[in-house]
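Visitor: Pasting a structure below so you can have a look.
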Amino acid sequence: MLYLISMGLRDEKDVSVRGIEAAKACDSLYAEFYTNMTATSSDMLSKMAGKPVKELDRKGMEDDASLLIEEARKKDVGIFIPGDALSATTHLMLLSEAVEAGVRYKVIHGSSIFTAVAETGLQLYKFGRTVTVTNPVGESTLDAIRKNMSADLHTLALLNIEMDAIEGIDALYDIIKGKRIVAACCLGSDEQVIRYGRPDELLKLNELKGRLPAIIAIPGKMHFTEEEFLEKLRA
């Protein structure tokens, strides 16, 4: 059987009891760290599980997925994944291959940025399409933000894995200037920072520099309770 074990938002302490039990029962364990930044390592996960955890790069996870599937056909194989195991499309593709090959699987879900973003005060059901921000920003990303704005929906902008909030604001500046936005870093950890304000105000905050991972939330039309909460987070 193939187990996808969610690591949660920050480090190995976010792995659920169910996830730890599954890991300890597996014959082979792997971990990938390229889809999101995390404060743990394969060594830390090994100590928690009581057995070696091998790190997988993109090639090992995607191009060589068939090898993982074949191994899971013969024994129990667990893969630790940052955030929730199905937040990234590459992991859903792995499950699809497992189903096609007739290999059983089990997903052990965990905390994710897609729910943690609610700590900004913005209501989850009012978010539109999520975007990923690179530098330079792709036109498809800008188009999705514009469509969310025109529909009065919030936008969750996931910043590239090594991009902090300051860099993200710079990259999106032309489309967010004049608006009040939310910048958040290290959600789910003791070091988290959430600030609300205009881009020019947020760019002055040293507490947003270098803290990873980071996101930007662009509010659409807000309920008064959302506005009241965000005012408490003003830069």
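Residue numbering restarts at 1 for every chain of the structure tokens, chains are lettered A, B, ... in their displayed order, and ligands are numbered from 1 as they appear.
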Give me, as a PyMOL selection string, all polymer residues having an atom no more than 10 Å from region 140-144 of chain A, counting only C-alpha atoms and skipping those fewer than 6 positions away in the same chain.
Guide: chain A and resi 128-134+150+155+157+172+174-175
Visitor: Could you save those same residues with N, CA, C and O atoms as a PDB file, in the first residue's frame?
Guide:
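Generated output (result-v9.pdb):
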```pdb
ATOM      1  N   GLY A 128     -11.495  33.178  -4.219  1.00  0.00           N
ATOM      2  CA  GLY A 128     -11.592  32.695  -5.588  1.00  0.00           C
ATOM      3  C   GLY A 128     -10.406  31.806  -5.917  1.00  0.00           C
ATOM      4  O   GLY A 128      -9.868  31.117  -5.045  1.00  0.00           O
ATOM      5  N   ARG A 129      -9.982  31.847  -7.158  1.00  0.00           N
ATOM      6  CA  ARG A 129      -8.881  30.997  -7.610  1.00  0.00           C
ATOM      7  C   ARG A 129      -7.580  31.365  -6.901  1.00  0.00           C
ATOM      8  O   ARG A 129      -7.233  32.529  -6.761  1.00  0.00           O
ATOM      9  N   THR A 130      -6.862  30.355  -6.442  1.00  0.00           N
ATOM     10  CA  THR A 130      -5.536  30.546  -5.840  1.00  0.00           C
ATOM     11  C   THR A 130      -4.496  30.697  -6.947  1.00  0.00           C
ATOM     12  O   THR A 130      -4.583  30.031  -7.993  1.00  0.00           O
ATOM     13  N   VAL A 131      -3.512  31.565  -6.733  1.00  0.00           N
ATOM     14  CA  VAL A 131      -2.460  31.764  -7.732  1.00  0.00           C
ATOM     15  C   VAL A 131      -1.088  31.533  -7.100  1.00  0.00           C
ATOM     16  O   VAL A 131      -0.928  31.613  -5.878  1.00  0.00           O
ATOM     17  N   THR A 132      -0.118  31.235  -7.940  1.00  0.00           N
ATOM     18  CA  THR A 132       1.280  31.122  -7.521  1.00  0.00           C
ATOM     19  C   THR A 132       2.056  32.268  -8.139  1.00  0.00           C
ATOM     20  O   THR A 132       1.940  32.522  -9.346  1.00  0.00           O
ATOM     21  N   VAL A 133       2.845  32.959  -7.318  1.00  0.00           N
ATOM     22  CA  VAL A 133       3.553  34.153  -7.777  1.00  0.00           C
ATOM     23  C   VAL A 133       5.035  33.849  -7.975  1.00  0.00           C
ATOM     24  O   VAL A 133       5.716  33.372  -7.065  1.00  0.00           O
ATOM     25  N   THR A 134       5.492  34.116  -9.167  1.00  0.00           N
ATOM     26  CA  THR A 134       6.923  34.033  -9.495  1.00  0.00           C
ATOM     27  C   THR A 134       7.381  35.443  -9.873  1.00  0.00           C
ATOM     28  O   THR A 134       6.577  36.372  -9.934  1.00  0.00           O
ATOM     29  N   SER A 150     -12.853  41.272  -9.959  1.00  0.00           N
ATOM     30  CA  SER A 150     -14.100  41.664 -10.620  1.00  0.00           C
ATOM     31  C   SER A 150     -15.293  40.913 -10.048  1.00  0.00           C
ATOM     32  O   SER A 150     -16.425  41.384 -10.120  1.00  0.00           O
ATOM     33  N   THR A 155      -8.250  36.750  -3.014  1.00  0.00           N
ATOM     34  CA  THR A 155      -7.239  35.968  -3.723  1.00  0.00           C
ATOM     35  C   THR A 155      -6.149  35.525  -2.749  1.00  0.00           C
ATOM     36  O   THR A 155      -5.586  36.355  -2.030  1.00  0.00           O
ATOM     37  N   ALA A 157      -2.494  34.348  -2.771  1.00  0.00           N
ATOM     38  CA  ALA A 157      -1.317  34.305  -3.636  1.00  0.00           C
ATOM     39  C   ALA A 157      -0.200  33.561  -2.914  1.00  0.00           C
ATOM     40  O   ALA A 157       0.344  34.057  -1.918  1.00  0.00           O
ATOM     41  N   LEU A 172       3.952  41.990  -7.320  1.00  0.00           N
ATOM     42  CA  LEU A 172       2.536  42.236  -7.612  1.00  0.00           C
ATOM     43  C   LEU A 172       2.157  43.714  -7.521  1.00  0.00           C
ATOM     44  O   LEU A 172       0.972  44.052  -7.653  1.00  0.00           O
ATOM     45  N   ASP A 174       2.063  46.466  -9.214  1.00  0.00           N
ATOM     46  CA  ASP A 174       1.242  47.194 -10.184  1.00  0.00           C
ATOM     47  C   ASP A 174      -0.236  46.855 -10.074  1.00  0.00           C
ATOM     48  O   ASP A 174      -1.093  47.710 -10.338  1.00  0.00           O
ATOM     49  N   ILE A 175      -0.541  45.624  -9.676  1.00  0.00           N
ATOM     50  CA  ILE A 175      -1.947  45.217  -9.624  1.00  0.00           C
ATOM     51  C   ILE A 175      -2.569  45.448  -8.247  1.00  0.00           C
ATOM     52  O   ILE A 175      -3.796  45.483  -8.106  1.00  0.00           O
TER      53      ILE A 175
END
```
Visitor: Quote the spacing between CA of Leu203 (chain A) and CA of Gly8 (chain A) in Å to one decimal place.
Guide: 28.5 Å
Visitor: Got a sec: who's within 12 Å of Glu62 (chain A), counting only C-alpha atoms, leaving out chain neighbours fewer than 5 positions off, as a PyMOL selection string?
Guide: chain A and resi 32+34-35+56-57+67-69+88-95+97
Visitor: How about saving the chosen residues, N, CA, C and O atoms kept, as a PDB file, in the first residue's frame?
Guide:
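Output saved as part05.pdb:
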```pdb
ATOM      1  N   GLU A  32       9.464  14.400   0.595  1.00  0.00           N
ATOM      2  CA  GLU A  32       9.808  15.416  -0.411  1.00  0.00           C
ATOM      3  C   GLU A  32       9.672  16.786   0.235  1.00  0.00           C
ATOM      4  O   GLU A  32       8.788  17.027   1.048  1.00  0.00           O
ATOM      5  N   TYR A  34      10.390  19.747  -1.910  1.00  0.00           N
ATOM      6  CA  TYR A  34      10.521  20.732  -2.974  1.00  0.00           C
ATOM      7  C   TYR A  34       9.215  21.466  -3.280  1.00  0.00           C
ATOM      8  O   TYR A  34       9.236  22.521  -3.917  1.00  0.00           O
ATOM      9  N   THR A  35       8.061  20.934  -2.828  1.00  0.00           N
ATOM     10  CA  THR A  35       6.810  21.627  -3.127  1.00  0.00           C
ATOM     11  C   THR A  35       6.495  22.723  -2.124  1.00  0.00           C
ATOM     12  O   THR A  35       5.678  23.601  -2.381  1.00  0.00           O
ATOM     13  N   LEU A  56      13.271  12.568  -1.431  1.00  0.00           N
ATOM     14  CA  LEU A  56      12.968  12.473  -2.856  1.00  0.00           C
ATOM     15  C   LEU A  56      13.056  13.855  -3.490  1.00  0.00           C
ATOM     16  O   LEU A  56      12.472  14.814  -2.969  1.00  0.00           O
ATOM     17  N   ASP A  57      13.754  13.977  -4.609  1.00  0.00           N
ATOM     18  CA  ASP A  57      13.734  15.224  -5.351  1.00  0.00           C
ATOM     19  C   ASP A  57      12.580  15.167  -6.356  1.00  0.00           C
ATOM     20  O   ASP A  57      11.810  14.199  -6.388  1.00  0.00           O
ATOM     21  N   LEU A  67       8.403   3.791 -10.096  1.00  0.00           N
ATOM     22  CA  LEU A  67       9.220   2.981  -9.189  1.00  0.00           C
ATOM     23  C   LEU A  67       8.600   2.938  -7.796  1.00  0.00           C
ATOM     24  O   LEU A  67       8.608   1.892  -7.123  1.00  0.00           O
ATOM     25  N   LEU A  68       8.059   4.076  -7.358  1.00  0.00           N
ATOM     26  CA  LEU A  68       7.391   4.124  -6.062  1.00  0.00           C
ATOM     27  C   LEU A  68       6.134   3.254  -6.075  1.00  0.00           C
ATOM     28  O   LEU A  68       5.851   2.537  -5.111  1.00  0.00           O
ATOM     29  N   ILE A  69       5.403   3.319  -7.182  1.00  0.00           N
ATOM     30  CA  ILE A  69       4.175   2.527  -7.311  1.00  0.00           C
ATOM     31  C   ILE A  69       4.498   1.037  -7.268  1.00  0.00           C
ATOM     32  O   ILE A  69       3.819   0.249  -6.592  1.00  0.00           O
ATOM     33  N   ALA A  88      -0.704  19.881  -3.524  1.00  0.00           N
ATOM     34  CA  ALA A  88       0.003  20.027  -4.800  1.00  0.00           C
ATOM     35  C   ALA A  88      -0.506  18.989  -5.791  1.00  0.00           C
ATOM     36  O   ALA A  88      -0.723  17.827  -5.448  1.00  0.00           O
ATOM     37  N   THR A  89      -0.701  19.415  -7.038  1.00  0.00           N
ATOM     38  CA  THR A  89      -1.278  18.527  -8.055  1.00  0.00           C
ATOM     39  C   THR A  89      -0.396  17.315  -8.343  1.00  0.00           C
ATOM     40  O   THR A  89      -0.901  16.266  -8.738  1.00  0.00           O
ATOM     41  N   THR A  90       0.909  17.436  -8.134  1.00  0.00           N
ATOM     42  CA  THR A  90       1.806  16.315  -8.427  1.00  0.00           C
ATOM     43  C   THR A  90       1.472  15.090  -7.585  1.00  0.00           C
ATOM     44  O   THR A  90       1.617  13.948  -8.034  1.00  0.00           O
ATOM     45  N   HIS A  91       0.955  15.299  -6.371  1.00  0.00           N
ATOM     46  CA  HIS A  91       0.643  14.172  -5.503  1.00  0.00           C
ATOM     47  C   HIS A  91      -0.657  13.494  -5.920  1.00  0.00           C
ATOM     48  O   HIS A  91      -0.800  12.269  -5.790  1.00  0.00           O
ATOM     49  N   LEU A  92      -1.578  14.275  -6.450  1.00  0.00           N
ATOM     50  CA  LEU A  92      -2.806  13.691  -6.976  1.00  0.00           C
ATOM     51  C   LEU A  92      -2.500  12.837  -8.204  1.00  0.00           C
ATOM     52  O   LEU A  92      -3.105  11.786  -8.419  1.00  0.00           O
ATOM     53  N   MET A  93      -1.529  13.267  -8.994  1.00  0.00           N
ATOM     54  CA  MET A  93      -1.106  12.487 -10.158  1.00  0.00           C
ATOM     55  C   MET A  93      -0.507  11.157  -9.725  1.00  0.00           C
ATOM     56  O   MET A  93      -0.714  10.123 -10.375  1.00  0.00           O
ATOM     57  N   LEU A  94       0.221  11.165  -8.601  1.00  0.00           N
ATOM     58  CA  LEU A  94       0.795   9.931  -8.079  1.00  0.00           C
ATOM     59  C   LEU A  94      -0.319   8.961  -7.677  1.00  0.00           C
ATOM     60  O   LEU A  94      -0.240   7.763  -7.966  1.00  0.00           O
ATOM     61  N   LEU A  95      -1.359   9.474  -7.043  1.00  0.00           N
ATOM     62  CA  LEU A  95      -2.489   8.620  -6.668  1.00  0.00           C
ATOM     63  C   LEU A  95      -3.183   8.069  -7.902  1.00  0.00           C
ATOM     64  O   LEU A  95      -3.622   6.917  -7.917  1.00  0.00           O
ATOM     65  N   GLU A  97      -1.820   7.364 -10.736  1.00  0.00           N
ATOM     66  CA  GLU A  97      -1.002   6.264 -11.248  1.00  0.00           C
ATOM     67  C   GLU A  97      -1.168   5.007 -10.402  1.00  0.00           C
ATOM     68  O   GLU A  97      -1.175   3.888 -10.914  1.00  0.00           O
TER      69      GLU A  97
END
```
Visitor: I'd like the contact shell of Glu71 (chain A) - 9 Å cut-off, only C-alpha atoms, skipping same-chain residues fewer than 5 positions apart - returned as a ChimeraX atom specification.
Guide: /A:1-2,28,66,76-77
Visitor: I need the residues from that last selection saved to file as a CSV table (one decimal), in the first residue's frame (with N, CA and C atoms), if you can.
Guide:
```
chain,number,residue,atom,x,y,z
A,1,MET,N,0.8,-1.2,0.0
A,1,MET,CA,0.0,0.0,0.0
A,1,MET,C,0.9,1.2,0.0
A,2,LEU,N,0.3,2.3,-0.6
A,2,LEU,CA,1.0,3.6,-0.7
A,2,LEU,C,0.4,4.5,0.3
A,28,SER,N,9.0,1.1,4.0
A,28,SER,CA,9.9,2.1,3.4
A,28,SER,C,9.3,3.5,3.6
A,66,SER,N,6.7,5.7,-11.1
A,66,SER,CA,6.4,4.3,-11.4
A,66,SER,C,7.2,3.4,-10.5
A,76,ASP,N,4.5,-1.9,2.2
A,76,ASP,CA,3.9,-0.6,2.6
A,76,ASP,C,5.0,0.5,2.4
A,77,VAL,N,4.6,1.5,1.6
A,77,VAL,CA,5.5,2.6,1.4
A,77,VAL,C,4.9,3.9,1.8
```
Visitor: Write out as a ChimeraX atom specification each polymer residue whose atoms come within 7 Å of Ile194 (chain A), counting only C-alpha atoms; drop sequence neighbours fewer than 4 positions from it.
Guide: /A:120,182-185,233
Visitor: Can you write out as a tab-separated table which residues of region 107-175 of chain A fall within 8 Å of region 195-202 of chain A, alongside each residue's closest atom pair and its distance in Å to one decimal, counting only C-alpha atoms and ordering rows by chain and ascending residue number?
Guide:
```
residue	atom	partner	partner_atom	distance
A:Ile166	CA	A:Leu202	CA	7.6
A:Ile169	CA	A:Pro199	CA	6.5
A:Tyr173	CA	A:Pro199	CA	7.1
```
Visitor: Those residues with N, CA, C and O atoms, as a compact mmCIF listing (two decimals), in the first residue's frame please?
Guide:
```txt
# COMPACT_ATOMS: atom_id res chain seq x y z
N ILE A 166 8.03 40.65 1.14
CA ILE A 166 8.48 41.91 0.53
C ILE A 166 8.67 41.71 -0.98
O ILE A 166 8.23 42.54 -1.79
N ILE A 169 5.25 41.36 -2.68
CA ILE A 169 4.57 42.65 -2.85
C ILE A 169 5.18 43.41 -4.03
O ILE A 169 4.46 44.00 -4.85
N TYR A 173 3.13 44.57 -7.33
CA TYR A 173 2.85 45.95 -6.96
C TYR A 173 1.88 46.65 -7.92
O TYR A 173 0.96 47.35 -7.50
```
Visitor: Restricting the calculation to only C-alpha atoms, which member of A:Met222, A:Ala22, A:Ile5, A:Ala98 is positioned closest to Met149 (chain A)?
Guide: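 For Met149 (chain A), the nearest of the candidates is A:Met222.
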Visitor: Identify all residues of region 35-200 of chain A in strand (DSSP E or B) (DSSP on the backbone) and supply them as a VMD selection string.
Guide: chain A and resid 54 to 56 77 to 81 83 105 to 108 127 131 to 133 154 to 159 181 to 185 193 to 197
Visitor: Please return, as an NGL selection string, all residues of region 10-230 of chain A that DSSP assigns to helix (DSSP H, G or I) on the basis of the backbone.
Guide: :A and (12-14 or 17-25 or 42-49 or 58-63 or 65-74 or 89-101 or 113-120 or 124-126 or 139-150 or 165-176 or 199-202 or 206-208 or 224-230)
Visitor: Considering only C-alpha atoms, return as JSON, numbers by chain whatever protein or nucleic-acid residues lie within 10 Å of Leu153 (chain A), sequence-local ones (same chain, fewer than 5 positions apart) excluded.
Guide: {"A": [125, 126, 127, 128, 129, 145, 146, 147, 148, 218, 219, 220, 221, 222]}
Visitor: Restricting it to C-alpha atoms, dump the selection as a PDB file, in the first residue's frame.
Guide:
```pdb
ATOM      1  CA  TYR A 125     -15.671  30.494   1.344  1.00  0.00           C
ATOM      2  CA  LYS A 126     -15.103  33.949  -0.187  1.00  0.00           C
ATOM      3  CA  PHE A 127     -11.772  33.069  -1.830  1.00  0.00           C
ATOM      4  CA  GLY A 128     -11.592  32.695  -5.588  1.00  0.00           C
ATOM      5  CA  ARG A 129      -8.881  30.997  -7.610  1.00  0.00           C
ATOM      6  CA  ILE A 145      -6.288  38.030  -9.784  1.00  0.00           C
ATOM      7  CA  ARG A 146      -8.236  40.442 -11.994  1.00  0.00           C
ATOM      8  CA  LYS A 147     -11.066  37.936 -12.370  1.00  0.00           C
ATOM      9  CA  ASN A 148     -11.218  37.413  -8.598  1.00  0.00           C
ATOM     10  CA  ILE A 218      -5.764  40.259  -1.656  1.00  0.00           C
ATOM     11  CA  PRO A 219      -9.180  40.990  -0.154  1.00  0.00           C
ATOM     12  CA  GLY A 220     -12.231  41.270  -2.356  1.00  0.00           C
ATOM     13  CA  LYS A 221     -15.505  42.614  -1.041  1.00  0.00           C
ATOM     14  CA  MET A 222     -15.394  42.163   2.728  1.00  0.00           C
TER      15      MET A 222
END
```
Visitor: For Thr38 (chain A), find every residue with an atom within 7 Å (counting only C-alpha atoms), except residues of its own chain fewer than 3 positions away, and show them as a count of residues only.
Guide: 3
Visitor: Calculated over only C-alpha atoms, which of the candidates A:Ile113, A:Ala118, A:Met163, A:Ala72 has the smallest distance to Asn135 (chain A)?
Guide: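 Smallest distance to Asn135 (chain A) is found for A:Met163.
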